[in-house]
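Asks: So here's entry06.tsv, just TSV, N, CA and C atoms:
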chain	number	residue	atom	x	y	z
O	336	MET	N	15.95	-0.69	-9.39
O	336	MET	CA	15.71	-1.57	-8.27
O	336	MET	C	15.65	-0.83	-6.93
O	337	PRO	N	16.50	0.18	-6.68
O	337	PRO	CA	16.38	0.89	-5.40
O	337	PRO	C	14.98	1.50	-5.19
O	338	LYS	N	14.37	2.00	-6.26
O	338	LYS	CA	13.01	2.55	-6.14
O	338	LYS	C	12.02	1.46	-5.75
O	339	GLN	N	12.17	0.30	-6.36
O	339	GLN	CA	11.28	-0.82	-6.02
O	339	GLN	C	11.45	-1.22	-4.57
O	340	PHE	N	12.69	-1.31	-4.12
O	340	PHE	CA	12.96	-1.72	-2.75
O	340	PHE	C	12.39	-0.70	-1.76
O	341	LEU	N	12.55	0.59	-2.06
O	341	LEU	CA	12.00	1.63	-1.19
O	341	LEU	C	10.48	1.56	-1.15
O	342	ALA	N	9.84	1.34	-2.30
O	342	ALA	CA	8.38	1.19	-2.33
O	342	ALA	C	7.95	-0.03	-1.53
O	343	PHE	N	8.68	-1.13	-1.68
O	343	PHE	CA	8.39	-2.36	-0.95
O	343	PHE	C	8.47	-2.12	0.56
O	344	CYS	N	9.50	-1.40	0.99
O	344	CYS	CA	9.68	-1.09	2.41
O	344	CYS	C	8.57	-0.17	2.93
O	345	THR	N	8.21	0.83	2.15
O	345	THR	CA	7.16	1.76	2.55
O	345	THR	C	5.83	1.04	2.70
O	346	ILE	N	5.51	0.18	1.75
O	346	ILE	CA	4.28	-0.60	1.83
O	346	ILE	C	4.34	-1.54	3.04
O	347	GLY	N	5.52	-2.05	3.34
O	347	GLY	CA	5.69	-2.90	4.52
O	347	GLY	C	5.36	-2.16	5.81
O	348	ILE	N	5.74	-0.89	5.87
O	348	ILE	CA	5.42	-0.08	7.05
O	348	ILE	C	3.91	0.11	7.17
O	349	VAL	N	3.27	0.44	6.06
O	349	VAL	CA	1.80	0.59	6.06
O	349	VAL	C	1.14	-0.70	6.50
O	350	ASN	N	1.63	-1.83	5.98
O	350	ASN	CA	1.04	-3.12	6.34
O	350	ASN	C	1.27	-3.48	7.80
O	351	THR	N	2.37	-3.05	8.35
O	351	THR	CA	2.63	-3.30	9.77
O	351	THR	C	1.58	-2.57	10.62
O	352	VAL	N	1.27	-1.34	10.25
O	352	VAL	CA	0.24	-0.57	10.96
O	352	VAL	C	-1.12	-1.26	10.82
O	353	VAL	N	-1.45	-1.68	9.60
O	353	VAL	CA	-2.72	-2.38	9.36
O	353	VAL	C	-2.77	-3.66	10.20
O	354	ASP	N	-1.67	-4.41	10.21
O	354	ASP	CA	-1.59	-5.65	10.98
O	354	ASP	C	-1.89	-5.39	12.45
O	355	PHE	N	-1.24	-4.37	13.04
O	355	PHE	CA	-1.46	-4.04	14.44
O	355	PHE	C	-2.92	-3.68	14.70
O	356	ILE	N	-3.50	-2.86	13.83
O	356	ILE	CA	-4.89	-2.42	14.02
O	356	ILE	C	-5.84	-3.61	13.95
O	357	ILE	N	-5.69	-4.44	12.93
O	357	ILE	CA	-6.56	-5.61	12.78
O	357	ILE	C	-6.37	-6.58	13.96
O	358	PHE	N	-5.13	-6.77	14.38
O	358	PHE	CA	-4.82	-7.66	15.49
O	358	PHE	C	-5.59	-7.24	16.74
O	359	PHE	N	-5.47	-5.96	17.10
O	359	PHE	CA	-6.13	-5.50	18.33
O	359	PHE	C	-7.65	-5.39	18.18
O	360	MET	N	-8.12	-5.07	16.97
O	360	MET	CA	-9.56	-5.06	16.74
O	360	MET	C	-10.15	-6.46	16.87
O	361	ALA	N	-9.44	-7.46	16.35
O	361	ALA	CA	-9.92	-8.84	16.45
O	361	ALA	C	-10.02	-9.27	17.91
O	362	ILE	N	-9.07	-8.84	18.72
O	362	ILE	CA	-9.11	-9.18	20.14
O	362	ILE	C	-10.24	-8.44	20.85
O	363	LYS	N	-10.31	-7.13	20.63
O	363	LYS	CA	-11.30	-6.31	21.34
O	363	LYS	C	-12.72	-6.51	20.83
O	364	LEU	N	-12.91	-6.50	19.51
O	364	LEU	CA	-14.26	-6.54	18.94
O	364	LEU	C	-14.80	-7.95	18.73
O	365	LEU	N	-13.91	-8.88	18.37
O	365	LEU	CA	-14.36	-10.25	18.09
O	365	LEU	C	-14.11	-11.20	19.26
O	366	GLY	N	-13.32	-10.74	20.24
O	366	GLY	CA	-12.99	-11.60	21.36
O	366	GLY	C	-12.03	-12.72	20.98
O	367	ALA	N	-11.28	-12.51	19.91
O	367	ALA	CA	-10.35	-13.55	19.44
O	367	ALA	C	-9.16	-13.69	20.39
O	368	ASP	N	-8.62	-14.90	20.46
O	368	ASP	CA	-7.38	-15.08	21.23
O	368	ASP	C	-6.22	-14.54	20.40
O	369	LYS	N	-5.02	-14.47	20.98
O	369	LYS	CA	-3.86	-13.86	20.32
O	369	LYS	C	-3.47	-14.55	19.03
O	370	VAL	N	-3.48	-15.87	19.04
O	370	VAL	CA	-3.08	-16.61	17.84
O	370	VAL	C	-4.09	-16.39	16.70
O	371	THR	N	-5.36	-16.51	17.02
O	371	THR	CA	-6.40	-16.29	16.00
O	371	THR	C	-6.35	-14.86	15.48
O	372	ALA	N	-6.20	-13.90	16.38
O	372	ALA	CA	-6.11	-12.50	15.99
O	372	ALA	C	-4.90	-12.26	15.09
O	373	ASN	N	-3.78	-12.91	15.41
O	373	ASN	CA	-2.57	-12.75	14.60
O	373	ASN	C	-2.76	-13.34	13.21
O	374	ILE	N	-3.43	-14.47	13.11
O	374	ILE	CA	-3.68	-15.09	11.81
O	374	ILE	C	-4.61	-14.21	10.97
O	375	ILE	N	-5.65	-13.70	11.59
O	375	ILE	CA	-6.58	-12.79	10.89
O	375	ILE	C	-5.83	-11.55	10.41
O	376	ALA	N	-5.05	-10.96	11.29
O	376	ALA	CA	-4.31	-9.74	10.94
O	376	ALA	C	-3.32	-10.00	9.80
O	377	TRP	N	-2.60	-11.12	9.87
O	377	TRP	CA	-1.64	-11.46	8.82
O	377	TRP	C	-2.36	-11.65	7.49
O	378	PHE	N	-3.49	-12.36	7.51
O	378	PHE	CA	-4.23	-12.64	6.29
O	378	PHE	C	-4.72	-11.35	5.63
O	379	VAL	N	-5.24	-10.42	6.40
O	379	VAL	CA	-5.70	-9.14	5.86
O	379	VAL	C	-4.51	-8.32	5.35
O	380	ALA	N	-3.46	-8.24	6.16
O	380	ALA	CA	-2.30	-7.43	5.79
O	380	ALA	C	-1.59	-7.97	4.55
O	381	VAL	N	-1.47	-9.27	4.43
O	381	VAL	CA	-0.76	-9.83	3.28
O	381	VAL	C	-1.54	-9.60	1.98
O	382	GLN	N	-2.86	-9.62	2.05
O	382	GLN	CA	-3.66	-9.32	0.86
O	382	GLN	C	-3.53	-7.85	0.46
O	383	LEU	N	-3.55	-6.97	1.45
O	383	LEU	CA	-3.34	-5.55	1.17
O	383	LEU	C	-1.94	-5.32	0.60
O	384	SER	N	-0.96	-5.98	1.19
O	384	SER	CA	0.41	-5.87	0.70
O	384	SER	C	0.51	-6.34	-0.75
O	385	TYR	N	-0.15	-7.45	-1.06
O	385	TYR	CA	-0.15	-7.96	-2.43
O	385	TYR	C	-0.72	-6.91	-3.40
O	386	LEU	N	-1.87	-6.37	-3.06
O	386	LEU	CA	-2.51	-5.39	-3.95
O	386	LEU	C	-1.64	-4.15	-4.14
O	387	MET	N	-1.11	-3.62	-3.03
O	387	MET	CA	-0.29	-2.41	-3.14
O	387	MET	C	1.03	-2.69	-3.86
O	388	ASN	N	1.69	-3.79	-3.52
O	388	ASN	CA	2.96	-4.10	-4.18
O	388	ASN	C	2.77	-4.44	-5.65
O	389	SER	N	1.70	-5.12	-5.98
O	389	SER	CA	1.48	-5.47	-7.38
O	389	SER	C	1.29	-4.21	-8.23
O	390	ARG	N	0.59	-3.23	-7.70
O	390	ARG	CA	0.32	-2.02	-8.47
O	390	ARG	C	1.44	-0.99	-8.37
O	391	VAL	N	1.95	-0.75	-7.16
O	391	VAL	CA	2.91	0.33	-6.93
O	391	VAL	C	4.36	-0.13	-7.16
O	392	THR	N	4.75	-1.19	-6.48
O	392	THR	CA	6.15	-1.61	-6.52
O	392	THR	C	6.51	-2.28	-7.84
O	393	PHE	N	5.65	-3.20	-8.29
O	393	PHE	CA	5.98	-4.00	-9.47
O	393	PHE	C	5.17	-3.65	-10.70
O	394	LYS	N	4.39	-2.56	-10.62
O	394	LYS	CA	3.68	-1.96	-11.76
O	394	LYS	C	2.85	-2.96	-12.58
O	395	GLN	N	2.15	-3.85	-11.88
O	395	GLN	CA	1.27	-4.79	-12.57
O	395	GLN	C	-0.04	-4.07	-12.90
O	396	SER	N	-0.58	-4.32	-14.07
O	396	SER	CA	-1.88	-3.75	-14.41
O	396	SER	C	-2.97	-4.59	-13.72
O	397	SER	N	-4.17	-4.05	-13.68
O	397	SER	CA	-5.24	-4.75	-12.97
O	397	SER	C	-5.56	-6.10	-13.60
O	398	HIS	N	-5.34	-6.25	-14.91
O	398	HIS	CA	-5.61	-7.56	-15.53
O	398	HIS	C	-4.51	-8.58	-15.25
O	399	GLN	N	-3.38	-8.13	-14.69
O	399	GLN	CA	-2.30	-9.05	-14.33
O	399	GLN	C	-2.44	-9.57	-12.90
O	400	ILE	N	-3.32	-8.97	-12.11
O	400	ILE	CA	-3.53	-9.41	-10.74
O	400	ILE	C	-4.40	-10.66	-10.78
O	401	SER	N	-3.92	-11.73	-10.15
O	401	SER	CA	-4.62	-13.00	-10.24
O	401	SER	C	-4.57	-13.75	-8.91
O	402	PHE	N	-5.43	-14.73	-8.80
O	402	PHE	CA	-5.42	-15.59	-7.62
O	402	PHE	C	-4.09	-16.34	-7.54
O	403	LYS	N	-3.56	-16.75	-8.67
O	403	LYS	CA	-2.30	-17.49	-8.70
O	403	LYS	C	-1.16	-16.65	-8.13
O	404	SER	N	-1.05	-15.40	-8.55
O	404	SER	CA	0.04	-14.57	-8.01
O	404	SER	C	-0.22	-14.20	-6.56
O	405	LEU	N	-1.48	-14.05	-6.14
O	405	LEU	CA	-1.80	-13.82	-4.73
O	405	LEU	C	-1.36	-15.02	-3.89
O	406	ALA	N	-1.66	-16.23	-4.38
O	406	ALA	CA	-1.25	-17.44	-3.66
O	406	ALA	C	0.26	-17.53	-3.57
O	407	LYS	N	0.96	-17.18	-4.65
O	407	LYS	CA	2.43	-17.19	-4.64
O	407	LYS	C	2.96	-16.16	-3.65
O	408	PHE	N	2.31	-15.00	-3.58
O	408	PHE	CA	2.72	-13.95	-2.65
O	408	PHE	C	2.52	-14.40	-1.21
O	409	MET	N	1.40	-15.04	-0.93
O	409	MET	CA	1.13	-15.53	0.42
O	409	MET	C	2.12	-16.63	0.80
O	410	LEU	N	2.41	-17.52	-0.13
O	410	LEU	CA	3.38	-18.58	0.11
O	410	LEU	C	4.77	-18.00	0.36
O	411	SER	N	5.15	-17.00	-0.42
O	411	SER	CA	6.46	-16.37	-0.19
O	411	SER	C	6.49	-15.67	1.16
O	412	GLY	N	5.35	-15.13	1.59
O	412	GLY	CA	5.28	-14.50	2.91
O	412	GLY	C	5.47	-15.50	4.04
O	413	ILE	N	4.91	-16.69	3.86
O	413	ILE	CA	5.10	-17.75	4.86
O	413	ILE	C	6.57	-18.17	4.91
O	414	PHE	N	7.19	-18.34	3.74
O	414	PHE	CA	8.62	-18.67	3.72
O	414	PHE	C	9.46	-17.56	4.34
O	415	GLY	N	9.07	-16.32	4.08
O	415	GLY	CA	9.77	-15.18	4.69
O	415	GLY	C	9.67	-15.20	6.20
O	416	LEU	N	8.50	-15.57	6.71
O	416	LEU	CA	8.31	-15.69	8.15
O	416	LEU	C	9.21	-16.78	8.73
O	417	ILE	N	9.31	-17.90	8.03
O	417	ILE	CA	10.17	-18.99	8.49
O	417	ILE	C	11.63	-18.55	8.50
O	418	VAL	N	12.07	-17.88	7.44
O	418	VAL	CA	13.47	-17.40	7.36
O	418	VAL	C	13.75	-16.40	8.48
O	419	ALA	N	12.83	-15.46	8.68
O	419	ALA	CA	13.02	-14.44	9.72
O	419	ALA	C	13.05	-15.08	11.11
O	420	THR	N	12.18	-16.04	11.34
O	420	THR	CA	12.14	-16.71	12.64
O	420	THR	C	13.40	-17.52	12.89
O	421	ALA	N	13.84	-18.26	11.87
O	421	ALA	CA	15.08	-19.04	12.00
O	421	ALA	C	16.27	-18.11	12.24
O	422	SER	N	16.30	-17.00	11.52
O	422	SER	CA	17.38	-16.02	11.70
O	422	SER	C	17.38	-15.47	13.12
O	423	LEU	N	16.20	-15.16	13.63
O	423	LEU	CA	16.07	-14.66	14.99
O	423	LEU	C	16.64	-15.66	16.00
O	424	LEU	N	16.25	-16.90	15.86
O	424	LEU	CA	16.69	-17.92	16.81
O	424	LEU	C	18.20	-18.16	16.73
O	425	ILE	N	18.75	-18.17	15.53
O	425	ILE	CA	20.19	-18.38	15.37
O	425	ILE	C	20.98	-17.17	15.87
O	426	LEU	N	20.57	-15.98	15.43
O	426	LEU	CA	21.30	-14.77	15.82
O	426	LEU	C	21.24	-14.52	17.32
O	427	ASN	N	20.12	-14.89	17.95
O	427	ASN	CA	19.97	-14.66	19.38
O	427	ASN	C	20.96	-15.50	20.20
O	428	GLN	N	21.56	-16.48	19.61
O	428	GLN	CA	22.60	-17.25	20.29
O	428	GLN	C	23.91	-16.46	20.38
O	429	PHE	N	24.05	-15.44	19.52
O	429	PHE	CA	25.30	-14.67	19.44
O	429	PHE	C	25.15	-13.21	19.84
O	430	MET	N	23.91	-12.75	19.99
O	430	MET	CA	23.67	-11.34	20.34
O	430	MET	C	22.38	-11.23	21.14
O	431	ASN	N	22.14	-10.05	21.71
O	431	ASN	CA	20.92	-9.89	22.51
O	431	ASN	C	19.67	-9.93	21.62
O	432	LEU	N	18.54	-10.12	22.23
O	432	LEU	CA	17.28	-10.34	21.52
O	432	LEU	C	16.90	-9.16	20.63
O	433	ILE	N	17.08	-7.95	21.11
O	433	ILE	CA	16.69	-6.77	20.32
O	433	ILE	C	17.50	-6.69	19.03
O	434	LEU	N	18.82	-6.85	19.12
O	434	LEU	CA	19.65	-6.84	17.91
O	434	LEU	C	19.30	-8.01	16.99
O	435	ALA	N	19.09	-9.17	17.57
O	435	ALA	CA	18.73	-10.34	16.77
O	435	ALA	C	17.42	-10.10	16.03
O	436	LYS	N	16.45	-9.49	16.70
O	436	LYS	CA	15.16	-9.19	16.08
O	436	LYS	C	15.34	-8.20	14.94
O	437	LEU	N	16.11	-7.15	15.15
O	437	LEU	CA	16.35	-6.15	14.09
O	437	LEU	C	17.01	-6.78	12.87
O	438	PHE	N	18.03	-7.59	13.10
O	438	PHE	CA	18.71	-8.25	11.98
O	438	PHE	C	17.77	-9.24	11.29
O	439	SER	N	16.96	-9.95	12.06
O	439	SER	CA	16.05	-10.92	11.45
O	439	SER	C	14.98	-10.23	10.61
O	440	ILE	N	14.54	-9.06	11.03
O	440	ILE	CA	13.59	-8.28	10.23
O	440	ILE	C	14.22	-7.91	8.90
O	441	PHE	N	15.46	-7.45	8.93
O	441	PHE	CA	16.16	-7.06	7.71
O	441	PHE	C	16.37	-8.27	6.79
O	442	ILE	N	16.77	-9.40	7.35
O	442	ILE	CA	16.97	-10.63	6.56
O	442	ILE	C	15.64	-11.06	5.92
O	443	GLY	N	14.55	-11.03	6.71
O	443	GLY	CA	13.23	-11.37	6.19
O	443	GLY	C	12.80	-10.42	5.09
O	444	LEU	N	13.08	-9.14	5.27
O	444	LEU	CA	12.74	-8.13	4.27
O	444	LEU	C	13.45	-8.42	2.95
O	445	LEU	N	14.75	-8.66	2.99
O	445	LEU	CA	15.51	-8.97	1.78
O	445	LEU	C	14.99	-10.24	1.11
O	446	PHE	N	14.70	-11.25	1.92
O	446	PHE	CA	14.18	-12.51	1.40
O	446	PHE	C	12.83	-12.30	0.73
O	447	ASN	N	11.92	-11.60	1.42
O	447	ASN	CA	10.58	-11.35	0.87
O	447	ASN	C	10.63	-10.53	-0.41
O	448	PHE	N	11.47	-9.50	-0.45
O	448	PHE	CA	11.58	-8.68	-1.65
O	448	PHE	C	12.10	-9.51	-2.82
O	449	THR	N	13.11	-10.32	-2.56
O	449	THR	CA	13.68	-11.16	-3.62
O	449	THR	C	12.65	-12.14	-4.17
O	450	LEU	N	11.90	-12.79	-3.28
O	450	LEU	CA	10.85	-13.70	-3.74
O	450	LEU	C	9.76	-12.95	-4.51
O	451	ALA	N	9.36	-11.79	-4.02
O	451	ALA	CA	8.33	-11.02	-4.71
O	451	ALA	C	8.80	-10.64	-6.12
O	452	LYS	N	10.02	-10.18	-6.22
O	452	LYS	CA	10.54	-9.72	-7.51
O	452	LYS	C	10.76	-10.85	-8.50
O	453	TYR	N	11.31	-11.97	-8.04
O	453	TYR	CA	11.72	-13.02	-8.97
O	453	TYR	C	10.82	-14.26	-8.99
O	454	PHE	N	9.87	-14.36	-8.06
O	454	PHE	CA	8.98	-15.51	-8.02
O	454	PHE	C	7.52	-15.10	-8.21
O	455	VAL	N	7.09	-14.04	-7.57
O	455	VAL	CA	5.68	-13.66	-7.60
O	455	VAL	C	5.36	-12.78	-8.79
O	456	PHE	N	6.06	-11.67	-8.92
O	456	PHE	CA	5.74	-10.67	-9.94
O	456	PHE	C	6.65	-10.81	-11.16
O	457	THR	N	6.58	-11.95	-11.79
O	457	THR	CA	7.32	-12.20	-13.02
O	457	THR	C	6.37	-12.04	-14.19
O	458	LYS	N	6.90	-12.01	-15.39
O	458	LYS	CA	6.04	-11.89	-16.57
O	458	LYS	C	5.07	-13.07	-16.66
O	459	SER	N	5.52	-14.25	-16.25
O	459	SER	CA	4.63	-15.42	-16.33
O	459	SER	C	3.53	-15.38	-15.27
O	460	SER	N	3.71	-14.56	-14.22
O	460	SER	CA	2.66	-14.46	-13.20
O	460	SER	C	1.47	-13.64	-13.70
O	461	ALA	N	1.62	-13.02	-14.86
O	461	ALA	CA	0.52	-12.24	-15.44
O	461	ALA	C	-0.60	-13.14	-15.93
O	462	ASN	N	-0.35	-14.43	-16.09
O	462	ASN	CA	-1.38	-15.35	-16.53
O	462	ASN	C	-2.39	-15.59	-15.43
O	463	LYS	N	-3.63	-15.27	-15.69
O	463	LYS	CA	-4.67	-15.44	-14.68
O	463	LYS	C	-5.14	-16.88	-14.66
O	464	LEU	N	-5.63	-17.31	-13.50
O	464	LEU	CA	-6.22	-18.64	-13.39
O	464	LEU	C	-7.62	-18.64	-13.94
Output the file's structure as structure tokens, nothing else.

Replies:
Amino acid sequence: MPKQFLAFCTIGIVNTVVDFIIFFMAIKLLGADKVTANIIAWFVAVQLSYLMNSRVTFKQSSHQISFKSLAKFMLSGIFGLIVATASLLILNQFMNLILAKLFSIFIGLLFNFTLAKYFVFTKSSANKL
């Protein structure tokens, strides 16, 4: 499990860079507003994250990659965002914003990894739609 978690974190760093690049490209090249650019960036990054995590972190073969597991991964990402945001808001009542943000990132990371491991990339998720 520590190897999986490290791979998950490393892929998360790569996806953060991709997210930033897509976000600013959408603003500069497409003239998108911040919210639209953020949605576009998240959508691209979460798909890349799914592909990399399915192959590298959770060792899924190409025939196990499916729309169903992608949808589950995207749904778990949305729940992770909600958990991280709620954590940020609660923790910020007891500590400064920077510390609250750091802790909320860690809480979101643990939540997302747990969902990916036990909800998205399970043996039953190998069934394609």

Asks: Excluding same-chain residues fewer than 5 positions from segment 406-409 of chain O, what lies within 7 Å of it counting only N, CA and C atoms, as a PyMOL selection string?

Replies: chain O and resi 381+385+401+414+451+454-455

Asks: With 8 Å as the cut-off and all atoms listed in the file counted, what is the closest atom pair between each nearby residue of segment 383-415 of chain O and segment 344-365 of chain O? Distances in Å to one decimal, ordered by chain and number, as JSON lines.

Replies:
{"residue": "O:Leu383", "atom": "C", "partner": "O:Asn350", "partner_atom": "CA", "distance": 6.8}
{"residue": "O:Ser384", "atom": "N", "partner": "O:Asn350", "partner_atom": "CA", "distance": 6.2}
{"residue": "O:Met387", "atom": "C", "partner": "O:Ile346", "partner_atom": "CA", "distance": 6.9}
{"residue": "O:Asn388", "atom": "N", "partner": "O:Ile346", "partner_atom": "CA", "distance": 6.7}

Asks: In Å, with one decimal, what is the gap from atom C of Asn447 of chain O to atom N of Ile375 of chain O?

Replies: 20.5 Å

Asks: Looking at only C-alpha atoms, which of O:Val418, O:Met430, O:Ala376, O:Ile425 is the one that sits closest to Leu444 of chain O?

Replies: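 The answer is O:Val418, which sits nearest to Leu444 of chain O.
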
Asks: I'd like the interatomic distance between atom CA of Leu445 of chain O and atom N of His398 of chain O, to a tenth of an Å.

Replies: 26.8 Å

Asks: Please, what distance in Å, to one decimal, runs between atom C of Phe446 of chain O and atom CA of Leu410 of chain O?

Replies: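 Result for atom C of Phe446 of chain O versus atom CA of Leu410 of chain O: 11.4 Å, one decimal.
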
Asks: As a ChimeraX atom specification, please: every residue in segment 342-413 of chain O that a backbone DSSP assignment puts in alpha helix (DSSP H).

Replies: /O:342-365,369-387,402-413

Asks: Hey, could you pull the box centre and edge lengths for segment 401-416 of chain O, axis-aligned, 6 Å padding per side, all listed atoms, to one decimal in Å, as AutoDock Vina command-line options?

Replies:
--center_x 2.2 --center_y -15.2 --center_z -0.8 --size_x 27.2 --size_y 18.9 --size_z 31.0
